[in-house]
Structure formats: C-alpha cells, structure tokens
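Enquirer: So here's protein_29.cif (mmCIF, C-alpha atoms).
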```
data_work
#
loop_
_atom_site.label_atom_id
_atom_site.label_comp_id
_atom_site.auth_asym_id
_atom_site.auth_seq_id
_atom_site.Cartn_x
_atom_site.Cartn_y
_atom_site.Cartn_z
CA MET A 46 0.00 0.00 0.00
CA ALA A 47 1.31 3.45 -0.92
CA ASP A 48 2.15 5.83 1.89
CA ARG A 49 -0.55 8.41 2.53
CA ALA A 50 0.34 12.01 3.24
CA ALA A 51 -0.80 13.28 6.62
CA GLY A 52 -4.20 14.97 6.72
CA PHE A 53 -6.77 15.09 3.93
CA SER A 54 -6.65 16.75 0.59
CA VAL A 55 -9.40 17.63 -1.86
CA ARG A 56 -8.95 19.66 -5.03
CA VAL A 57 -11.97 21.66 -6.16
CA SER A 58 -12.20 23.20 -9.60
CA GLY A 59 -14.86 25.76 -10.55
CA SER A 60 -16.67 25.85 -13.91
CA ARG A 61 -18.21 28.63 -15.96
CA ASP A 62 -21.68 27.17 -15.36
CA GLY A 63 -21.33 27.95 -11.66
CA SER A 64 -20.67 24.41 -10.48
CA ALA A 65 -17.49 22.96 -9.04
CA THR A 66 -15.94 19.54 -9.26
CA ALA A 67 -14.21 18.06 -6.24
CA PHE A 68 -11.39 15.61 -6.89
CA VAL A 69 -10.64 13.27 -4.03
CA ARG A 70 -8.13 10.43 -4.36
CA LYS A 71 -9.39 8.63 -7.48
CA HIS A 72 -12.93 9.98 -7.18
CA ARG A 73 -14.77 13.10 -8.16
CA PHE A 74 -18.14 14.73 -7.51
CA VAL A 75 -19.89 17.83 -8.79
CA VAL A 76 -21.28 20.50 -6.44
CA GLY A 77 -23.77 23.18 -7.49
CA SER A 78 -24.38 26.32 -5.49
CA PRO A 79 -23.54 26.76 -1.79
CA VAL A 80 -27.23 26.33 -0.98
CA THR A 81 -30.28 25.89 -3.20
CA PHE A 82 -33.97 26.48 -2.61
CA ASP A 83 -34.97 25.23 -6.04
CA GLU A 84 -36.52 21.75 -6.05
CA GLN A 85 -35.68 21.50 -9.75
CA ASP A 86 -32.02 22.48 -9.34
CA PRO A 87 -30.15 19.90 -11.42
CA GLN A 88 -27.19 19.91 -9.05
CA LEU A 89 -26.65 19.18 -5.39
CA SER A 90 -25.66 22.09 -3.22
CA ALA A 91 -22.66 22.18 -0.91
CA LEU A 92 -25.03 22.22 2.05
CA GLU A 93 -26.85 19.11 0.81
CA TYR A 94 -23.53 17.31 0.46
CA VAL A 95 -22.67 18.24 4.03
CA LEU A 96 -26.00 16.96 5.33
CA GLY A 97 -25.74 13.80 3.25
CA ALA A 98 -22.23 13.26 4.49
CA PHE A 99 -23.36 13.82 8.07
CA GLY A 100 -26.09 11.19 7.82
CA ALA A 101 -23.72 8.82 6.06
CA ASP A 102 -21.11 9.35 8.76
CA LEU A 103 -23.55 8.09 11.39
CA VAL A 104 -24.95 5.22 9.34
CA THR A 105 -21.61 3.87 8.14
CA GLY A 106 -20.08 4.48 11.55
CA LEU A 107 -22.79 2.42 13.20
CA LEU A 108 -22.57 -0.35 10.60
CA ALA A 109 -18.79 -0.51 10.94
CA ALA A 110 -18.99 -0.64 14.72
CA ALA A 111 -21.56 -3.44 14.56
CA ARG A 112 -19.42 -5.43 12.15
CA ALA A 113 -16.38 -5.04 14.39
CA ARG A 114 -18.36 -6.42 17.36
CA HIS A 115 -19.98 -9.14 15.25
CA LEU A 116 -23.39 -7.76 16.13
CA GLU A 117 -26.22 -8.34 13.72
CA LEU A 118 -27.41 -5.11 12.11
CA ASP A 119 -29.64 -5.73 9.10
CA HIS A 120 -30.26 -2.19 8.04
CA ALA A 121 -29.51 1.38 9.06
CA GLU A 122 -31.01 4.49 7.52
CA ALA A 123 -30.66 8.12 8.48
CA LEU A 124 -33.17 10.92 8.04
CA VAL A 125 -31.42 14.28 8.23
CA ARG A 126 -33.26 17.57 8.68
CA ALA A 127 -31.62 20.94 9.11
CA ASP A 128 -32.51 24.60 9.47
CA LEU A 129 -30.46 27.66 8.77
CA ASP A 130 -30.49 30.48 11.25
CA ASP A 131 -31.76 32.85 8.53
CA GLU A 132 -32.43 31.53 5.03
CA LEU A 133 -32.77 35.03 3.62
CA ALA A 134 -29.21 35.80 4.74
CA ALA A 135 -28.04 32.87 2.62
CA VAL A 136 -29.41 34.50 -0.54
CA GLY A 137 -28.01 37.92 0.34
CA VAL A 138 -31.26 39.72 1.14
CA VAL A 139 -30.69 43.31 2.19
CA GLY A 140 -32.10 43.68 5.69
CA ALA A 141 -31.81 40.02 6.64
CA THR A 142 -30.70 40.15 10.24
CA GLY A 143 -29.65 36.59 10.93
CA SER A 144 -26.83 34.32 9.88
CA PRO A 145 -26.77 31.76 7.07
CA ALA A 146 -25.21 29.28 9.49
CA LEU A 147 -26.80 25.97 10.33
CA ALA A 148 -28.87 26.50 13.44
CA ARG A 149 -30.07 22.94 13.93
CA VAL A 150 -29.33 19.52 12.51
CA GLN A 151 -31.58 16.64 13.42
CA VAL A 152 -30.57 13.09 12.48
CA LYS A 153 -32.72 10.07 13.17
CA VAL A 154 -31.00 6.80 12.45
CA TYR A 155 -33.37 3.87 12.07
CA ALA A 156 -31.59 0.59 12.80
CA SER A 157 -33.08 -2.81 12.22
CA SER A 158 -31.39 -5.42 14.36
CA GLY A 159 -32.09 -8.53 16.36
CA ALA A 160 -29.24 -7.65 18.68
CA ASP A 161 -29.61 -6.62 22.30
CA GLU A 162 -30.77 -2.99 22.53
CA ALA A 163 -28.26 -2.04 25.20
CA ALA A 164 -25.41 -3.36 23.08
CA LEU A 165 -26.61 -1.40 20.07
CA ARG A 166 -26.98 1.79 22.13
CA GLU A 167 -23.41 1.38 23.26
CA LEU A 168 -22.31 1.15 19.64
CA TRP A 169 -24.35 4.25 18.85
CA ASN A 170 -22.62 6.22 21.57
CA GLN A 171 -19.28 4.99 20.33
CA THR A 172 -20.22 6.05 16.80
CA LEU A 173 -21.03 9.57 17.99
CA GLU A 174 -17.79 9.80 19.95
CA ARG A 175 -15.68 8.72 16.99
CA SER A 176 -17.44 10.79 14.36
CA PRO A 177 -15.28 13.68 13.10
CA LEU A 178 -18.39 15.52 11.89
CA VAL A 179 -20.35 15.13 15.13
CA ARG A 180 -17.40 16.19 17.22
CA THR A 181 -16.71 19.17 14.97
CA LEU A 182 -20.28 20.44 14.73
CA GLN A 183 -21.38 19.71 18.29
CA PRO A 184 -19.92 22.88 19.83
CA VAL A 185 -21.44 25.21 17.27
CA VAL A 186 -24.70 23.68 15.99
CA ARG A 187 -27.68 22.34 17.90
CA LEU A 188 -27.49 18.64 17.12
CA GLU A 189 -30.40 16.31 17.77
CA LEU A 190 -29.09 12.79 17.15
CA VAL A 191 -31.48 9.94 17.77
CA LEU A 192 -31.23 6.18 17.30
CA GLU A 193 -34.56 4.44 16.64
CA MET A 194 -34.40 0.68 16.83
CA SER A 195 -36.68 -1.97 15.42
CA PRO A 196 -36.26 -5.74 15.47
CA MET B 116 -20.61 43.77 -21.93
CA GLU B 117 -23.66 46.00 -21.35
CA LYS B 118 -24.04 47.26 -17.81
CA PRO B 119 -26.85 45.28 -16.17
CA ILE B 120 -30.02 47.03 -15.07
CA VAL B 121 -30.22 46.66 -11.30
CA VAL B 122 -33.66 45.40 -10.27
CA GLY B 123 -34.88 45.25 -6.69
CA ALA B 124 -37.41 42.79 -5.30
CA VAL B 125 -38.73 42.10 -1.82
CA ILE B 126 -38.80 38.47 -0.78
CA TYR B 127 -40.07 36.71 2.31
CA ASP B 128 -39.06 33.21 1.31
CA PRO B 129 -35.82 32.21 -0.44
CA LYS B 130 -37.90 30.12 -2.87
CA VAL B 131 -39.07 33.39 -4.41
CA THR B 132 -35.51 33.92 -5.68
CA VAL B 133 -36.10 30.93 -7.97
CA ILE B 134 -38.85 32.86 -9.80
CA TRP B 135 -36.66 35.93 -10.09
CA LYS B 136 -33.76 33.84 -11.38
CA ILE B 137 -36.01 32.53 -14.16
CA ILE B 138 -36.98 36.12 -14.97
CA GLY B 139 -33.31 37.13 -14.86
CA ASP B 140 -32.43 34.35 -17.31
CA PHE B 141 -35.26 35.52 -19.59
CA PHE B 142 -33.92 39.09 -19.63
CA ALA B 143 -30.41 37.77 -20.33
CA SER B 144 -31.81 35.83 -23.31
CA LYS B 145 -33.22 39.13 -24.58
CA LYS B 146 -29.77 40.74 -24.37
CA CYS B 147 -30.98 42.91 -21.52
CA PRO B 148 -29.01 41.65 -18.53
CA ILE B 149 -30.43 42.44 -15.10
CA GLU B 150 -28.81 42.21 -11.71
CA LEU B 151 -31.18 41.29 -8.91
CA VAL B 152 -30.97 42.77 -5.45
CA TYR B 153 -33.26 41.31 -2.80
CA TYR B 154 -34.69 43.19 0.18
CA SER B 155 -36.39 41.99 3.33
CA THR B 156 -38.82 44.92 3.43
CA TYR B 157 -40.29 47.45 1.00
CA GLU B 158 -39.09 50.27 3.19
CA LEU B 159 -35.47 49.20 2.57
CA GLN B 160 -36.13 48.73 -1.13
CA VAL B 161 -37.63 52.20 -1.54
CA GLU B 162 -34.62 53.57 0.32
CA GLY B 163 -32.39 51.69 -2.15
CA LEU B 164 -34.29 53.25 -5.06
CA ALA B 165 -34.19 56.71 -3.54
CA LYS B 166 -30.43 56.46 -2.99
CA GLY B 167 -29.85 55.27 -6.54
CA HIS B 168 -28.73 51.78 -5.58
CA LEU B 169 -31.45 50.41 -7.86
CA ASP B 170 -32.53 51.22 -11.39
CA VAL B 171 -35.89 49.47 -11.16
CA ALA B 172 -37.89 48.38 -8.11
CA TRP B 173 -40.73 45.87 -8.12
CA ASN B 174 -42.90 47.85 -5.73
CA SER B 175 -46.04 47.13 -3.81
CA PRO B 176 -48.69 49.85 -4.12
CA LEU B 177 -47.70 51.24 -0.73
CA ALA B 178 -44.03 51.20 -1.75
CA TRP B 179 -45.02 53.16 -4.86
CA ILE B 180 -46.70 55.82 -2.69
CA ASP B 181 -43.63 55.81 -0.42
CA ALA B 182 -41.27 56.18 -3.40
CA GLN B 183 -43.26 59.16 -4.64
CA ARG B 184 -43.14 60.67 -1.18
CA ARG B 185 -39.40 60.17 -0.73
CA LEU B 186 -38.51 61.26 -4.25
CA GLY B 187 -40.86 64.23 -4.29
CA GLY B 188 -42.84 62.67 -7.12
CA LYS B 189 -39.73 62.19 -9.26
CA CYS B 190 -40.37 58.56 -10.18
CA ARG B 191 -42.35 56.65 -12.78
CA ALA B 192 -44.42 53.47 -12.79
CA ILE B 193 -43.30 51.84 -16.03
CA ALA B 194 -45.00 48.43 -16.05
CA MET B 195 -47.39 46.21 -14.14
CA ARG B 196 -49.09 42.85 -14.48
CA ASP B 197 -52.55 42.67 -16.01
CA THR B 198 -53.62 41.24 -12.64
CA ASP B 199 -52.33 44.33 -10.83
CA ARG B 200 -55.04 46.44 -12.46
CA ASP B 201 -58.50 47.07 -11.09
CA ARG B 202 -58.34 44.91 -8.00
CA VAL B 203 -60.89 45.21 -5.18
CA SER B 204 -60.96 43.93 -1.62
CA HIS B 205 -64.02 42.24 -0.18
CA PHE B 206 -65.65 42.49 3.23
CA VAL B 207 -66.69 38.94 4.06
CA ALA B 208 -69.19 37.90 6.72
CA ARG B 209 -71.20 34.91 7.85
CA THR B 210 -74.33 34.45 5.71
CA LYS B 211 -76.56 33.40 8.61
CA GLY B 212 -76.73 35.93 11.38
CA GLY B 213 -73.90 38.10 10.07
CA PRO B 214 -74.12 41.66 8.75
CA ALA B 215 -75.57 41.96 5.27
CA ALA B 216 -74.10 45.35 4.33
CA LEU B 217 -71.21 47.61 5.32
CA GLU B 218 -73.54 49.90 7.27
CA GLU B 219 -74.34 46.97 9.57
CA LEU B 220 -70.70 46.89 10.72
CA ARG B 221 -71.49 49.87 12.94
CA GLY B 222 -70.72 48.93 16.53
CA LYS B 223 -69.09 45.67 15.46
CA THR B 224 -65.52 44.35 15.15
CA VAL B 225 -63.88 44.07 11.75
CA ALA B 226 -60.79 41.88 11.23
CA PHE B 227 -58.06 43.31 9.02
CA GLY B 228 -54.64 42.13 7.81
CA ALA B 229 -51.26 43.67 8.59
CA LYS B 230 -51.04 47.37 9.33
CA ASP B 231 -49.07 47.96 6.11
CA SER B 232 -51.32 45.89 3.84
CA PRO B 233 -52.98 48.12 1.22
CA GLN B 234 -55.60 45.51 0.33
CA ALA B 235 -56.38 44.12 3.76
CA THR B 236 -56.13 47.20 5.96
CA LEU B 237 -55.40 50.63 4.51
CA ILE B 238 -57.81 50.69 1.56
CA PRO B 239 -60.69 48.89 3.35
CA ILE B 240 -60.48 51.34 6.27
CA GLU B 241 -60.60 54.19 3.73
CA GLN B 242 -63.58 52.56 2.05
CA LEU B 243 -65.45 52.36 5.35
CA ARG B 244 -64.54 55.98 6.06
CA ARG B 245 -66.14 56.95 2.76
CA ALA B 246 -69.19 54.97 3.81
CA GLY B 247 -69.39 57.07 6.98
CA LEU B 248 -67.76 54.59 9.35
CA GLU B 249 -64.69 55.80 11.23
CA ALA B 250 -62.26 53.23 12.62
CA GLY B 251 -62.27 53.10 16.40
CA LYS B 252 -65.35 55.28 16.54
CA HIS B 253 -68.04 53.42 14.62
CA TYR B 254 -66.42 49.99 14.59
CA GLU B 255 -63.56 48.23 16.33
CA VAL B 256 -60.43 47.33 14.37
CA ARG B 257 -58.93 43.89 14.96
CA ARG B 258 -55.64 43.81 13.08
CA PHE B 259 -53.37 40.88 12.28
CA ASP B 260 -49.86 42.21 11.87
CA VAL B 261 -48.27 39.26 10.15
CA LYS B 262 -44.86 39.96 8.58
CA VAL B 263 -45.06 43.72 8.71
CA GLY B 264 -42.74 45.26 6.12
CA LEU B 265 -44.02 43.05 3.31
CA HIS B 266 -47.09 45.23 2.67
CA GLY B 267 -49.46 42.28 2.76
CA ASP B 268 -47.53 40.22 0.17
CA HIS B 269 -47.70 37.48 2.76
CA VAL B 270 -51.33 36.34 2.97
CA GLY B 271 -50.95 35.30 6.61
CA GLY B 272 -52.61 38.45 7.93
CA GLU B 273 -55.66 38.01 5.72
CA LYS B 274 -55.90 34.33 6.66
CA ASP B 275 -55.69 35.13 10.36
CA ALA B 276 -58.38 37.80 9.92
CA LEU B 277 -60.59 35.28 8.14
CA ALA B 278 -60.08 32.75 10.93
CA CYS B 279 -60.96 35.44 13.48
CA MET B 280 -64.26 36.12 11.70
CA MET B 281 -64.98 32.40 11.32
CA ARG B 282 -64.44 31.93 15.08
CA GLY B 283 -67.02 34.61 15.67
CA ASP B 284 -64.55 37.10 17.12
CA ALA B 285 -65.28 39.62 14.36
CA ALA B 286 -68.39 40.40 12.32
CA ALA B 287 -66.45 40.65 9.07
CA SER B 288 -62.97 40.20 7.68
CA VAL B 289 -61.23 41.72 4.70
CA MET B 290 -59.41 40.09 1.81
CA LEU B 291 -58.20 40.75 -1.71
CA ASP B 292 -60.63 39.57 -4.39
CA LEU B 293 -58.00 37.16 -5.73
CA ASN B 294 -57.71 35.55 -2.30
CA TRP B 295 -61.49 35.29 -1.98
CA ASP B 296 -61.53 33.51 -5.35
CA ALA B 297 -58.64 31.21 -4.44
CA TRP B 298 -60.03 30.34 -0.99
CA MET B 299 -63.49 29.64 -2.39
CA LYS B 300 -61.87 27.36 -4.94
CA ASP B 301 -59.64 25.43 -2.53
CA GLY B 302 -62.36 25.04 0.10
CA THR B 303 -60.86 27.37 2.71
CA ILE B 304 -64.14 29.30 2.48
CA ASN B 305 -67.48 27.58 2.20
CA GLY B 306 -69.56 29.69 -0.16
CA SER B 307 -72.81 28.63 1.48
CA GLU B 308 -71.69 29.84 4.90
CA TYR B 309 -69.94 33.11 4.01
CA ARG B 310 -70.64 35.93 1.60
CA VAL B 311 -69.27 39.23 0.38
CA ILE B 312 -71.19 42.07 2.02
CA GLY B 313 -69.33 44.90 0.32
CA SER B 314 -66.22 45.72 -1.65
CA THR B 315 -63.75 48.53 -1.93
CA GLY B 316 -63.41 50.70 -4.99
CA ARG B 317 -60.99 49.53 -7.65
CA PHE B 318 -57.29 49.97 -7.08
CA ASP B 319 -54.04 48.96 -8.73
CA HIS B 320 -51.44 46.77 -7.12
CA CYS B 321 -47.70 46.35 -7.85
CA ASN B 322 -45.60 48.12 -10.44
CA PHE B 323 -42.04 48.42 -11.67
CA THR B 324 -40.88 51.82 -10.43
CA VAL B 325 -37.93 53.83 -11.76
CA ARG B 326 -36.50 57.13 -10.73
CA GLU B 327 -37.16 60.10 -12.99
CA ASP B 328 -33.47 60.14 -13.98
CA PHE B 329 -33.44 56.54 -15.22
CA ALA B 330 -32.04 56.78 -18.76
CA ALA B 331 -34.73 56.59 -21.44
CA ASP B 332 -32.77 54.15 -23.62
CA ARG B 333 -32.26 51.75 -20.71
CA GLN B 334 -35.93 51.97 -19.77
CA LYS B 335 -36.88 51.24 -23.39
CA HIS B 336 -34.56 48.24 -23.42
CA PHE B 337 -36.09 46.93 -20.17
CA GLU B 338 -39.65 47.45 -21.41
CA GLU B 339 -38.98 45.82 -24.77
CA ALA B 340 -37.65 42.72 -23.06
CA LEU B 341 -40.47 42.65 -20.49
CA PHE B 342 -43.28 43.20 -22.99
CA SER B 343 -41.89 40.50 -25.28
CA MET B 344 -43.08 37.92 -22.75
CA THR B 345 -46.15 36.26 -24.17
CA TYR B 346 -48.43 33.78 -22.46
CA SER B 347 -48.97 31.89 -25.69
CA ASP B 348 -45.28 30.98 -25.74
CA PRO B 349 -44.87 27.82 -23.61
CA ALA B 350 -41.34 28.90 -22.74
CA HIS B 351 -42.74 32.04 -21.07
CA ARG B 352 -45.91 30.58 -19.60
CA GLU B 353 -44.39 28.91 -16.54
CA MET B 354 -42.62 32.12 -15.57
CA MET B 355 -45.81 34.15 -16.05
CA ASP B 356 -47.87 31.65 -14.07
CA LEU B 357 -45.37 31.88 -11.22
CA GLU B 358 -45.70 35.66 -11.24
CA GLY B 359 -49.50 35.44 -11.61
CA LEU B 360 -50.09 37.24 -14.88
CA LYS B 361 -51.07 36.66 -18.47
CA LYS B 362 -49.78 39.93 -19.85
CA TRP B 363 -47.47 42.78 -18.87
CA GLU B 364 -49.13 46.16 -19.18
CA PRO B 365 -47.67 49.67 -19.21
CA GLY B 366 -47.56 51.33 -15.82
CA ARG B 367 -50.34 53.71 -14.81
CA THR B 368 -50.86 55.64 -11.64
CA HIS B 369 -54.52 56.65 -11.37
CA GLY B 370 -55.23 53.32 -9.67
CA TYR B 371 -53.44 54.45 -6.52
CA GLU B 372 -55.87 57.25 -5.63
CA LEU B 373 -57.72 55.21 -3.01
CA LEU B 374 -54.50 54.12 -1.29
CA SER B 375 -53.08 57.61 -1.45
CA ALA B 376 -56.18 58.94 0.30
CA ALA B 377 -56.00 56.10 2.82
CA CYS B 378 -52.40 57.00 3.71
CA GLU B 379 -53.37 60.64 4.10
CA HIS B 380 -56.43 60.09 6.26
CA GLN B 381 -54.78 57.41 8.35
CA ARG B 382 -51.59 59.49 8.58
CA TYR B 383 -49.72 56.37 7.61
CA PHE B 384 -46.35 57.99 6.93
CA ALA B 385 -46.74 60.52 9.70
CA GLY B 386 -46.13 58.32 12.67
CA ALA B 387 -46.85 54.99 14.20
CA GLY B 388 -48.34 53.55 11.03
CA ALA B 389 -45.09 53.56 9.11
CA SER B 390 -43.24 50.26 9.11
#
```
Represent the supplied structure as structure tokens.
Expert:
Amino acid sequence: MADRAAGFSVRVSGSRDGSATAFVRKHRFVVGSPVTFDEQDPQLSALEYVLGAFGADLVTGLLAAARARHLELDHAEALVRADLDDELAAVGVVGATGSPALARVQVKVYASSGADEAALRELWNQTLERSPLVRTLQPVVRLELVLEMSP
Amino acid sequence: MEKPIVVGAVIYDPKVTVIWKIIGDFFASKKCPIELVYYSTYELQVEGLAKGHLDVAWNSPLAWIDAQRRLGGKCRAIAMRDTDRDRVSHFVARTKGGPAALEELRGKTVAFGAKDSPQATLIPIEQLRRAGLEAGKHYEVRRFDVKVGLHGDHVGGEKDALACMMRGDAAASVMLDLNWDAWMKDGTINGSEYRVIGSTGRFDHCNFTVREDFAADRQKHFEEALFSMTYSDPAHREMMDLEGLKKWEPGRTHGYELLSAACEHQRYFAGAGAS
C-alpha cells in the first residue's frame, strides 16, 4: 500500500456554469451552489452534500462498529433535517438580520437489528464519539441525534 | 458587456428567488441583462431606489406611494401585471346571522390584515370611512400584523383575519378579491356559509418603479424585453404563471388614488403607522 500524506486533501475546480468539481483520491463529484432552494435544481448544493455526508457518517459508523463487534445489524437508515439560522441571509437579502449558518441539525438513524438494545446503544454512543463531523459540529450547531431501533 | 439594469425585489421566502432567477435568465436571453438585489422589506427597497442603488424596483402599491413621497414625485411606474389592475378587496361575513351590508358593521368588530397591507387594511379602512364609518369610533379594528414590512404580500394576515371572523370574534374580515376567489376554490371558504357584504373601490397593485433620472434608452430596453413575454409561448408561460399574470401592461398611476387617500387620512407615513 502506498504511503498516505498526513491529513486530507481535496482539489476543487470551478466551472463557468457555476458548479465545481471536487477531486478526491481517485474519485470526483460535482457540487452546485452553496445552498439551493430550487426543487428543480439539477445539481446538489454544498449544504446538501454536508448533510448527506453527516447522515452517512452516522450510518456507516454504526454499521462498521456493529461489524467489528460481530453484532447483527440488518439495516440502518438516516433521516437528516436541518434549518439555517436565517435563510434570507443565505441569498443575500438586504435587511436580513440573521446568519446563514446551520442553526439545527436533526438526524434520526433507524436501525433494524435482532441484537440486544443495550449493546446497540453502546455502539451508537461509540459512533457519535468517533465521528469527526459530530465532534466538529457539536460545539457550534444544535445537534439532535437519535437512534430508533426496530427488530 | 452591457451594464446590467439593477432590479430590486422584496422576498419573504428564499424560494421566491427561484422565480426571479427565471426572470433574470429571460432578460439575459433578450440581451438585456439584469442584476437582482433582494430586500427583506419594502421600506429598505424604496430607500435603495431613492439612494440610486437600484434602477428598477418591483414595488407594492404602498411602496409606490412611499417612493413618490421620498422622491418628491420624481419617479415613474413603467409596467405592471394585467392582474395588478382594477383589484378590489371584499368584506366577508357569515351568511346566517352576520351583517348583510357595510352599514351593519357599525358597533361591530372588523378583522383586518397587517397594518401595512394596502388591500387588507389601509384601503378597506378608507372605504369604510367613505361609507361614513370611522375606525375606532363606529367599529372596532382587529388587526393581524403578520410579517409587517411586506405590505401584505404574505397572505398570513388576511388568513388570520378570516379565521378570526370564522371563530365569531369579528363580524367581518377583509381580503383581496383574488384571495377570496382562491379560498373559495380550494375550500378554505365555504360559499354557502360566508358571503361578500361589500367591496372597496378599484385599485391597482404592484408596479415596476424607476427614478425620474433613469435613462430613457435603458428603460426602453427593459420594457422591450419585459413586454416581449407572451403567455402563448410555452417557454414564457411557466414564468408568467409563477408571477401570476397573463400579460405585462404599461404602468399607470390613477389606480393608486384610493390608497393615497388612505395614507393621508390614516396618517400612515406621519407616525406609528409607518413600518
């Protein structure tokens, strides 16, 4: 295996159409505007990528933790909802008094497992503790992170 | 590249920027680039126009009156939607047991929209005044100040006023004719239970306002692009449906007489009434 440089590196290249392409290792993905309010927008916004990544962080973290403990976890799915402090500030409205920052992120992870609930809750807590995104956002955004279990 | 015409618009929801972006793209396709500046209130937008930050402002009727006031009349209404012309507001009451005419509102409570709503507060109060009913003297005003600063663009005030009347807390409520039509259609109002007991005189609604010193050639360019929108063209129809019109019309100003009188009699810009 080739040596990996310390830290993480992503190259992002902007296009004339207003989008940007992120190049990561041998992968790439296209990002549209910073935030979009258009249901028909053909591209994903930077904010949507962040929220998708946040949900994925928790789902894949939980799945990986379950695998490592040899606990049965059939399915895990996250529903992510978020609010900005002031949406109008995000589109540059003159007179908007708030901030375009995320004010709240709510993630509900639905896990389907025959495993003992206490054991799964322990894995969930471990997932939250080890998540770079949770630990980064926790001090600055109101996070509501919930694990819902079903057999 | 031609210098873009700077156009101001007031928005209360970021989704409204999607409509304006479509309009912006349309103007760009007509080789008349526009730059959009969004405001949270009409007061700020009129200030932007008065200070020359904007070339064109999409103004509510009250913002038009305010622009005239601030600019000493040195502004023009250059275009409006067909649906901005000849609007009326209705006084709505319960059919059974409610008042049957405006005169019967004497001694009763009337529910209005936001204090800065031309259609749901200012003009209806003026209409009642002309019918011999003074607010606070001959009837009680129950106002619903939802999203003040948006001049009634947000229908929340009218909806709250309607709910107030439906609860029996007011004898009548006021709404724009277009809202009466829409709420009858979607079932918000049951036509067998409620009726229109009177209406205001006709008035005009929004317009594109420019300062007197806006260059004639740039205004012509803007108007040519705007008036080239046609409802029969499917490419334009969606945009026109979103903006609620079938045709752009030249601006006119005689339709603001009722609102102008309302502002004067209610001393709207003199004190507490101003947003």
Enquirer: When you look at stretch 189-205 of chain B with a cut-off of 8 Å (counting all atoms listed in the file), what residues show up, excluding the ones that are within fewer than 3 positions of it in the same chain? I need them as number ranges by chain.
Expert: B: 179, 182-183, 186, 234-235, 239, 289-292, 295, 311-327, 338, 359-368, 370
Enquirer: Rounded to one decimal, what separation in Å do you get between atom CA of A:Ser60 and atom CA of A:Ser90?
Expert: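 About the pair atom CA of A:Ser60 and atom CA of A:Ser90: they are 14.5 Å apart.
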Enquirer: Find the spatial neighbours of A:Ala163, counting all atoms listed in the file, within a cut-off of 12 Å - ignore same-chain residues fewer than 4 positions away - and output them as a PDB file with C-alpha atoms, keeping the file's coordinate frame.
Expert:
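Contents of around-v8.pdb, freshly written:
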```pdb
ATOM      1  CA  LEU A 116     -23.390  -7.760  16.130  1.00  0.00           C
ATOM      2  CA  SER A 158     -31.390  -5.420  14.360  1.00  0.00           C
ATOM      3  CA  GLY A 159     -32.090  -8.530  16.360  1.00  0.00           C
ATOM      4  CA  GLU A 167     -23.410   1.380  23.260  1.00  0.00           C
ATOM      5  CA  LEU A 168     -22.310   1.150  19.640  1.00  0.00           C
ATOM      6  CA  TRP A 169     -24.350   4.250  18.850  1.00  0.00           C
ATOM      7  CA  ASN A 170     -22.620   6.220  21.570  1.00  0.00           C
ATOM      8  CA  LEU A 192     -31.230   6.180  17.300  1.00  0.00           C
ATOM      9  CA  MET A 194     -34.400   0.680  16.830  1.00  0.00           C
TER      10      MET A 194
END
```
Enquirer: Starting from the PyMOL selection byres ((chain B) within 12 of (chain A)), expand the selection into actual residues of this file and give them as a PyMOL selection string.
Expert: chain B and resi 123-137+151-163+168+264
Enquirer: Do a neighbour search on A:Gly106 at 9 Å with all atoms listed in the file, toss out local chain neighbours closer than 3 positions, and write the hits as an MDAnalysis selection string.
Expert: chainID A and resid 101:103 109:111 169 171:173 175:176
Enquirer: Taking 4 positions as the minimum chain separation for residues in the same chain, which residues sit within 12 Å of A:Arg49 when counting only C-alpha atoms? Answer as an MDAnalysis selection string.
Expert: chainID A and resid 53:54 70
Enquirer: Counting only C-alpha atoms, what is within 9 Å of A:Ser78, bar same-chain residues fewer than 3 positions away, as a list in words?
Expert: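 So the residues in contact are Gly63, Ser64, Ala65, Thr81, Gln88, Leu89, Ser90, Ala91 and Leu92 of chain A.
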Enquirer: Using the chain letters and numbers from the file, give me the residues hit by the PyMOL selection byres ((chain B and resi 381) around 12), as an MDAnalysis selection string.
Expert: chainID B and resid 230:231 233 236:242 244 249:251 373:380 382:389
Enquirer: One decimal, in Å: what's the spacing between atom CA of B:Leu220 and atom CA of B:Ala287?
Expert: 7.7 Å
Enquirer: To one decimal in Å, tell me the separation between atom CA of B:Gly271 and atom CA of B:Ala286.
Expert: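 Here the two named atoms are 19.0 Å from each other.
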Enquirer: Report as a list in words the full result of the PyMOL selection byres ((chain A and resi 121) around 8) when it is applied to this structure.
Expert: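 For this structure, the PyMOL selection byres ((chain A and resi 121) around 8) captures Val104, Leu107, Leu108, Leu118, Asp119, His120, Glu122, Ala123, Val154, Tyr155, Ala156 and Ser157 of chain A.
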Enquirer: Kindly provide, as lines of an AutoDock Vina configuration file, the centre and edge lengths (Å, one decimal) of an axis-aligned box around all atoms of stretch 359-365 of chain B given in the file, with 4 Å on each side.
Expert:
```
center_x = -49.3
center_y = 42.6
center_z = -15.7
size_x = 11.6
size_y = 22.2
size_z = 16.2
```
Enquirer: Which residue, B:Ile138, B:Tyr254, B:Leu277, B:Phe342, has the smallest gap to B:Asp356 when you use only C-alpha atoms?
Expert: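 Comparing B:Ile138, B:Tyr254, B:Leu277, B:Phe342 against B:Asp356, the winner is B:Ile138.
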Enquirer: Which residue is closest to B:Met344? Choose from B:Phe206, B:Tyr309, B:Phe227, B:Phe141 and count all atoms listed in the file.
Expert: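 Smallest separation from B:Met344 among the options: B:Phe141.
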